[in-house]
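The file target-v9.pdb comes next; it holds PDB, C-alpha atoms.
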ATOM      1  CA  MET B   8       2.114 -52.024 -43.812
ATOM      2  CA  SER B   9       1.890 -55.469 -45.310
ATOM      3  CA  GLY B  10       0.793 -59.039 -44.852
ATOM      4  CA  CYS B  11      -1.604 -60.473 -42.327
ATOM      5  CA  ALA B  12      -0.847 -57.868 -39.653
ATOM      6  CA  GLY B  13      -1.381 -55.091 -42.190
ATOM      7  CA  VAL B  14      -4.770 -56.417 -43.284
ATOM      8  CA  HIS B  15      -5.932 -56.687 -39.689
ATOM      9  CA  ALA B  16      -4.636 -53.206 -38.831
ATOM     10  CA  ALA B  17      -6.363 -51.732 -41.886
ATOM     11  CA  ALA B  18      -9.663 -53.422 -40.984
ATOM     12  CA  ALA B  19      -9.475 -52.282 -37.352
ATOM     13  CA  PHE B  20      -7.947 -48.811 -37.864
ATOM     14  CA  PRO B  21      -8.597 -47.717 -41.462
ATOM     15  CA  GLY B  22      -7.850 -44.089 -40.650
ATOM     16  CA  ARG B  23      -4.368 -44.959 -39.437
ATOM     17  CA  VAL B  24      -3.189 -47.105 -42.376
ATOM     18  CA  ALA B  25      -2.055 -45.216 -45.487
ATOM     19  CA  GLY B  26      -1.759 -48.318 -47.661
ATOM     20  CA  LEU B  27      -1.015 -52.040 -47.785
ATOM     21  CA  ALA B  28       1.723 -53.749 -49.791
ATOM     22  CA  MET B  29       1.022 -57.451 -50.047
ATOM     23  CA  CYS B  30       4.183 -59.079 -51.392
ATOM     24  CA  CYS B  31       3.191 -62.467 -52.823
ATOM     25  CA  THR B  32       0.661 -63.176 -50.099
ATOM     26  CA  ASN B  33      -3.002 -62.850 -49.285
ATOM     27  CA  ARG B  34      -2.616 -63.979 -45.683
ATOM     28  CA  GLY B  35      -5.122 -62.278 -43.467
ATOM     29  CA  ILE B  36      -7.808 -62.090 -46.175
ATOM     30  CA  GLU B  37     -10.639 -64.619 -46.009
ATOM     31  CA  ARG B  38     -10.724 -67.076 -48.916
ATOM     32  CA  ASP B  39     -13.965 -68.084 -50.585
ATOM     33  CA  ASP B  40     -14.416 -71.488 -52.262
ATOM     34  CA  GLU B  41     -12.762 -70.450 -55.529
ATOM     35  CA  ASP B  42      -9.811 -68.866 -53.682
ATOM     36  CA  GLN B  43      -9.422 -72.131 -51.763
ATOM     37  CA  ARG B  44      -9.465 -74.105 -55.012
ATOM     38  CA  LEU B  45      -6.816 -71.835 -56.553
ATOM     39  CA  SER B  46      -4.631 -72.213 -53.457
ATOM     40  CA  ASP B  47      -4.497 -75.998 -53.868
ATOM     41  CA  VAL B  48      -0.793 -76.754 -54.366
ATOM     42  CA  ALA B  49      -1.663 -79.811 -56.475
ATOM     43  CA  LEU B  50      -3.173 -77.389 -58.984
ATOM     44  CA  PHE B  51      -0.210 -75.045 -59.507
ATOM     45  CA  ARG B  52       2.998 -76.625 -58.168
ATOM     46  CA  PRO B  53       3.384 -79.317 -60.876
ATOM     47  CA  ALA B  54       3.545 -76.581 -63.524
ATOM     48  CA  LEU B  55       6.517 -75.009 -61.740
ATOM     49  CA  GLN B  56       8.695 -78.085 -62.392
ATOM     50  CA  TRP B  57      10.944 -77.236 -59.454
ATOM     51  CA  PRO B  58      14.482 -78.661 -59.844
ATOM     52  CA  GLU B  59      15.387 -80.971 -56.941
ATOM     53  CA  GLU B  60      18.814 -79.390 -56.467
ATOM     54  CA  PHE B  61      17.197 -76.149 -55.265
ATOM     55  CA  PRO B  62      15.417 -76.920 -51.978
ATOM     56  CA  MET B  63      14.795 -73.269 -50.943
ATOM     57  CA  LYS B  64      11.194 -72.770 -52.043
ATOM     58  CA  GLY B  65      11.042 -69.027 -51.330
ATOM     59  CA  LEU B  66      13.609 -68.156 -54.007
ATOM     60  CA  HIS B  67      13.543 -68.744 -57.763
ATOM     61  CA  PRO B  68      15.825 -71.663 -58.780
ATOM     62  CA  LYS B  69      17.732 -69.442 -61.233
ATOM     63  CA  PHE B  70      18.442 -66.966 -58.418
ATOM     64  CA  GLN B  71      19.661 -69.825 -56.225
ATOM     65  CA  GLU B  72      21.944 -71.043 -58.988
ATOM     66  CA  GLU B  73      23.391 -67.610 -59.734
ATOM     67  CA  ARG B  74      23.582 -66.245 -56.168
ATOM     68  CA  PRO B  75      24.462 -69.008 -53.661
ATOM     69  CA  ASP B  76      25.938 -66.330 -51.365
ATOM     70  CA  MET B  77      22.541 -64.641 -51.125
ATOM     71  CA  VAL B  78      20.812 -67.970 -50.513
ATOM     72  CA  ASN B  79      23.108 -68.513 -47.523
ATOM     73  CA  LEU B  80      22.297 -65.014 -46.260
ATOM     74  CA  PHE B  81      18.568 -65.673 -46.723
ATOM     75  CA  LEU B  82      18.848 -68.892 -44.706
ATOM     76  CA  GLU B  83      20.800 -67.118 -41.980
ATOM     77  CA  VAL B  84      18.221 -64.335 -41.663
ATOM     78  CA  ARG B  85      15.390 -66.873 -41.695
ATOM     79  CA  SER B  86      17.042 -68.791 -38.843
ATOM     80  CA  PHE B  87      16.593 -65.762 -36.559
ATOM     81  CA  ASN B  88      12.823 -66.332 -36.713
ATOM     82  CA  SER B  89      12.661 -70.027 -35.935
ATOM     83  CA  GLY B  90       9.342 -71.046 -34.393
ATOM     84  CA  VAL B  91       7.593 -67.683 -34.632
ATOM     85  CA  PRO B  92       6.541 -67.810 -38.321
ATOM     86  CA  SER B  93       4.501 -70.995 -37.859
ATOM     87  CA  GLU B  94       2.590 -69.384 -34.970
ATOM     88  CA  VAL B  95       1.934 -66.282 -37.064
ATOM     89  CA  GLU B  96       0.875 -68.372 -40.068
ATOM     90  CA  GLN B  97      -1.593 -70.306 -37.916
ATOM     91  CA  ALA B  98      -3.035 -67.101 -36.466
ATOM     92  CA  CYS B  99      -3.518 -65.714 -39.985
ATOM     93  CA  ARG B 100      -5.239 -68.866 -41.181
ATOM     94  CA  ASP B 101      -7.519 -69.030 -38.129
ATOM     95  CA  ASN B 102      -8.502 -65.333 -38.050
ATOM     96  CA  PRO B 103      -8.816 -63.853 -41.537
ATOM     97  CA  VAL B 104     -10.541 -60.551 -42.213
ATOM     98  CA  ALA B 105     -13.938 -61.313 -43.772
ATOM     99  CA  LEU B 106     -14.287 -60.671 -47.511
ATOM    100  CA  ASP B 107     -17.182 -58.252 -46.988
ATOM    101  CA  ARG B 108     -14.976 -56.180 -44.657
ATOM    102  CA  VAL B 109     -12.021 -56.332 -47.095
ATOM    103  CA  ALA B 110     -14.327 -55.098 -49.876
ATOM    104  CA  GLN B 111     -15.279 -52.071 -47.736
ATOM    105  CA  LEU B 112     -11.695 -50.942 -47.135
ATOM    106  CA  ASP B 113     -10.915 -47.858 -49.151
ATOM    107  CA  ILE B 114      -7.191 -48.108 -48.483
ATOM    108  CA  PRO B 115      -4.794 -48.358 -51.428
ATOM    109  CA  MET B 116      -3.379 -51.869 -51.700
ATOM    110  CA  LEU B 117      -0.539 -53.246 -53.798
ATOM    111  CA  MET B 118      -0.757 -56.986 -54.445
ATOM    112  CA  LEU B 119       2.431 -58.467 -55.911
ATOM    113  CA  SER B 120       2.578 -61.903 -57.486
ATOM    114  CA  ALA B 121       5.622 -63.846 -58.635
ATOM    115  CA  GLU B 122       5.941 -66.104 -61.632
ATOM    116  CA  PHE B 123       7.727 -68.861 -59.712
ATOM    117  CA  ASP B 124       5.987 -68.717 -56.327
ATOM    118  CA  TRP B 125       5.863 -72.084 -54.570
ATOM    119  CA  PHE B 126       3.419 -70.881 -51.895
ATOM    120  CA  PHE B 127       0.777 -68.642 -53.509
ATOM    121  CA  SER B 128      -0.577 -69.184 -57.014
ATOM    122  CA  ARG B 129      -0.735 -66.184 -59.296
ATOM    123  CA  ALA B 130      -4.370 -66.988 -60.108
ATOM    124  CA  MET B 131      -5.337 -66.948 -56.421
ATOM    125  CA  LEU B 132      -3.532 -63.655 -55.726
ATOM    126  CA  SER B 133      -5.105 -62.054 -58.797
ATOM    127  CA  ARG B 134      -8.528 -63.138 -57.580
ATOM    128  CA  SER B 135      -7.786 -61.871 -54.051
ATOM    129  CA  ALA B 136      -6.925 -58.482 -55.522
ATOM    130  CA  GLN B 137     -10.392 -58.405 -57.108
ATOM    131  CA  HIS B 138     -11.993 -58.747 -53.659
ATOM    132  CA  CYS B 139     -10.428 -55.424 -52.685
ATOM    133  CA  ARG B 140     -11.902 -52.045 -53.542
ATOM    134  CA  ASN B 141      -8.688 -50.160 -54.279
ATOM    135  CA  CYS B 142      -6.065 -52.742 -55.275
ATOM    136  CA  THR B 143      -3.290 -52.657 -57.856
ATOM    137  CA  PHE B 144      -2.175 -56.123 -58.961
ATOM    138  CA  VAL B 145       1.397 -56.449 -60.278
ATOM    139  CA  SER B 146       2.847 -59.679 -61.621
ATOM    140  CA  CYS B 147       6.640 -59.990 -61.322
ATOM    141  CA  HIS B 148       8.097 -62.169 -64.072
ATOM    142  CA  GLY B 149      11.198 -64.262 -63.494
ATOM    143  CA  HIS B 150      11.037 -64.185 -59.691
ATOM    144  CA  GLY B 151      10.175 -66.482 -56.817
ATOM    145  CA  HIS B 152       8.120 -65.851 -53.700
ATOM    146  CA  SER B 153      10.643 -63.426 -52.158
ATOM    147  CA  VAL B 154      10.699 -60.739 -54.864
ATOM    148  CA  TYR B 155      11.922 -58.107 -52.383
ATOM    149  CA  PHE B 156      15.011 -60.251 -51.669
ATOM    150  CA  GLU B 157      15.740 -61.474 -55.198
ATOM    151  CA  ASP B 158      15.353 -58.093 -56.867
ATOM    152  CA  PRO B 159      15.270 -55.254 -54.314
ATOM    153  CA  ASP B 160      15.491 -52.624 -57.077
ATOM    154  CA  LEU B 161      12.380 -53.953 -58.824
ATOM    155  CA  PHE B 162      10.531 -54.199 -55.520
ATOM    156  CA  HIS B 163      11.554 -50.678 -54.462
ATOM    157  CA  THR B 164      10.696 -49.141 -57.847
ATOM    158  CA  THR B 165       7.331 -50.915 -58.006
ATOM    159  CA  ALA B 166       6.428 -49.954 -54.433
ATOM    160  CA  MET B 167       7.510 -46.326 -54.866
ATOM    161  CA  GLU B 168       5.590 -45.919 -58.152
ATOM    162  CA  TRP B 169       2.502 -47.407 -56.507
ATOM    163  CA  MET B 170       2.823 -45.181 -53.418
ATOM    164  CA  ARG B 171       3.197 -42.068 -55.561
ATOM    165  CA  GLY B 172       0.212 -43.071 -57.700
ATOM    166  CA  ALA B 173      -1.850 -43.771 -54.600
ATOM    167  CA  GLY B 174      -0.888 -40.431 -53.057
ATOM    168  CA  ILE B 175       0.889 -42.036 -50.123
ATOM    169  CA  CYS B 176       4.164 -40.208 -50.717
TER     170      CYS B 176
END

Represent the structure of the file as structure tokens.
Amino acid sequence: MSGCAGVHAAAAFPGRVAGLAMCCTNRGIERDDEDQRLSDVALFRPALQWPEEFPMKGLHPKFQEERPDMVNLFLEVRSFNSGVPSEVEQACRDNPVALDRVAQLDIPMLMLSAEFDWFFSRAMLSRSAQHCRNCTFVSCHGHGHSVYFEDPDLFHTTAMEWMRGAGIC
């Protein structure tokens, strides 16, 4: 499982969740004051120096330049979910799992972070991983927020190695 729904399922049914893969997100996990500070876009976005000609913030600009066909596919797939993601995002922000509960979870967790993520700073995700008892933090260089889309082989290899190491498969 992954993301906000995965965190909530793990907190509510820890015996039923084998592991969590958090791909460039910490949605669903409560943020303390320092996490909030590290999530401030004014703190990390200026360093990204995002080129104006690449408006898709979920994908690395280099990927957008080299693979316009995949950008179009990404936009098409995203259009199938119009309206729903904002409702889900709001629910995640309004109902996070408390940090003390997250710290109690003894479920293997993989926390991925991307070098060129417009939405979640690497520093914040690294700190979120430290709140968790059994978390592996992996930083993906040369990728944007959607690592699984930009480099499915890297994502698959990383996830499979983590699952094997965690005894999930």

Exercise: Cys176 in chain B partners within 12 Å, only C-alpha atoms, chain neighbours under 2 positions left out, as a ChimeraX atom specification: /B:25-26,166-174

Residues near range 53-63 of chain B, cut-off 10 Å, all atoms listed in the file, skip fewer than 4 positions along chain, as a ChimeraX atom specification: /B:48-49,67-72,78,81-82,122-125

Please write the residues from the selection above to a file, keeping C-alpha atoms, as a PDB file, keeping the file's coordinate frame.
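New file out.pdb:
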ATOM      1  CA  VAL B  48      -0.793 -76.754 -54.366  1.00  0.00           C
ATOM      2  CA  ALA B  49      -1.663 -79.811 -56.475  1.00  0.00           C
ATOM      3  CA  HIS B  67      13.543 -68.744 -57.763  1.00  0.00           C
ATOM      4  CA  PRO B  68      15.825 -71.663 -58.780  1.00  0.00           C
ATOM      5  CA  LYS B  69      17.732 -69.442 -61.233  1.00  0.00           C
ATOM      6  CA  PHE B  70      18.442 -66.966 -58.418  1.00  0.00           C
ATOM      7  CA  GLN B  71      19.661 -69.825 -56.225  1.00  0.00           C
ATOM      8  CA  GLU B  72      21.944 -71.043 -58.988  1.00  0.00           C
ATOM      9  CA  VAL B  78      20.812 -67.970 -50.513  1.00  0.00           C
ATOM     10  CA  PHE B  81      18.568 -65.673 -46.723  1.00  0.00           C
ATOM     11  CA  LEU B  82      18.848 -68.892 -44.706  1.00  0.00           C
ATOM     12  CA  GLU B 122       5.941 -66.104 -61.632  1.00  0.00           C
ATOM     13  CA  PHE B 123       7.727 -68.861 -59.712  1.00  0.00           C
ATOM     14  CA  ASP B 124       5.987 -68.717 -56.327  1.00  0.00           C
ATOM     15  CA  TRP B 125       5.863 -72.084 -54.570  1.00  0.00           C
TER      16      TRP B 125
END

Answer key for the PyMOL selection byres ((chain B and resi 32-36) around 6), residues as a VMD selection string: chain B and resid 11 14 29 to 31 37 99 103 to 104

Point-to-point distance in Å for CA of Asn102 in chain B and CA of His15 in chain B: 9.2 Å

Quick one: everything within 6 Å of range 115-117 of chain B, counting all atoms listed in the file, minus sequence neighbours fewer than 4 positions away in the same chain. Send it as a compact mmCIF listing (two decimals) with C-alpha atoms, in the frame of the given file.
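Once everything was written out, this is result.txt:
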# COMPACT_ATOMS: atom_id res chain seq x y z
CA GLY B 26 -1.76 -48.32 -47.66
CA LEU B 27 -1.01 -52.04 -47.78
CA ALA B 28 1.72 -53.75 -49.79
CA MET B 29 1.02 -57.45 -50.05
CA ASN B 141 -8.69 -50.16 -54.28
CA CYS B 142 -6.06 -52.74 -55.28
CA THR B 143 -3.29 -52.66 -57.86

Residue among B:Val84, B:Leu119, B:Arg140, B:Asp107 lying closest to Arg38 in chain B, counting all atoms listed in the file: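 Distance minimum relative to Arg38 in chain B lands on B:Asp107.
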
Pick from B:Asp40, B:Asp101, B:Met131, B:Gly65, whichever lies nearest to Phe156 in chain B using all atoms listed in the file: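 Selected residue with least distance to Phe156 in chain B: B:Gly65.
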
Computed interatomic separation between CA of Arg44 in chain B and CA of Gln97 in chain B (Å):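 CA of Gln97 in chain B lies 19.2 Å from CA of Arg44 in chain B.
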
Of the listed residues B:Ser86, B:Ser93, B:Gln111, B:Ser153, that which approaches Phe127 in chain B most closely, counting all atoms listed in the file: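 Looking at the shortest contact to Phe127 in chain B, the residue is B:Ser153.
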
Shell around His148 in chain B at 10 Å using only C-alpha atoms, local window under 3 positions removed, as number ranges by chain: B: 120-123, 145, 151, 154

Among listed residues B:Tyr155, B:Ile114, B:Asp42, B:Arg129, nearest Ala18 in chain B (using all atoms listed in the file):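 Checking each candidate against Ala18 in chain B, we get B:Ile114 as the closest.
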
Atomic separation - CA of Leu132 in chain B relative to CA of Arg74 in chain B, Å: 27.2 Å

Nearest-residue call for Phe51 in chain B, choices B:His163, B:His138, B:Phe144, B:Phe126, using all atoms listed in the file: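 Using all atoms listed in the file, Phe51 in chain B sits closest to B:Phe126.
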
Nearest candidate to Asp76 in chain B (options B:Thr164, B:Glu157, B:Gly10, B:Glu41; using only C-alpha atoms):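 Going through B:Thr164, B:Glu157, B:Gly10, B:Glu41 one by one, the smallest distance to Asp76 in chain B is for B:Glu157.
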
Box centre and edge lengths (Å, one decimal), axis-aligned, range 38-54 of chain B plus 3 Å each side, as AutoDock Vina command-line options:
--center_x -5.4 --center_y -73.4 --center_z -56.2 --size_x 24.0 --size_y 18.7 --size_z 20.6
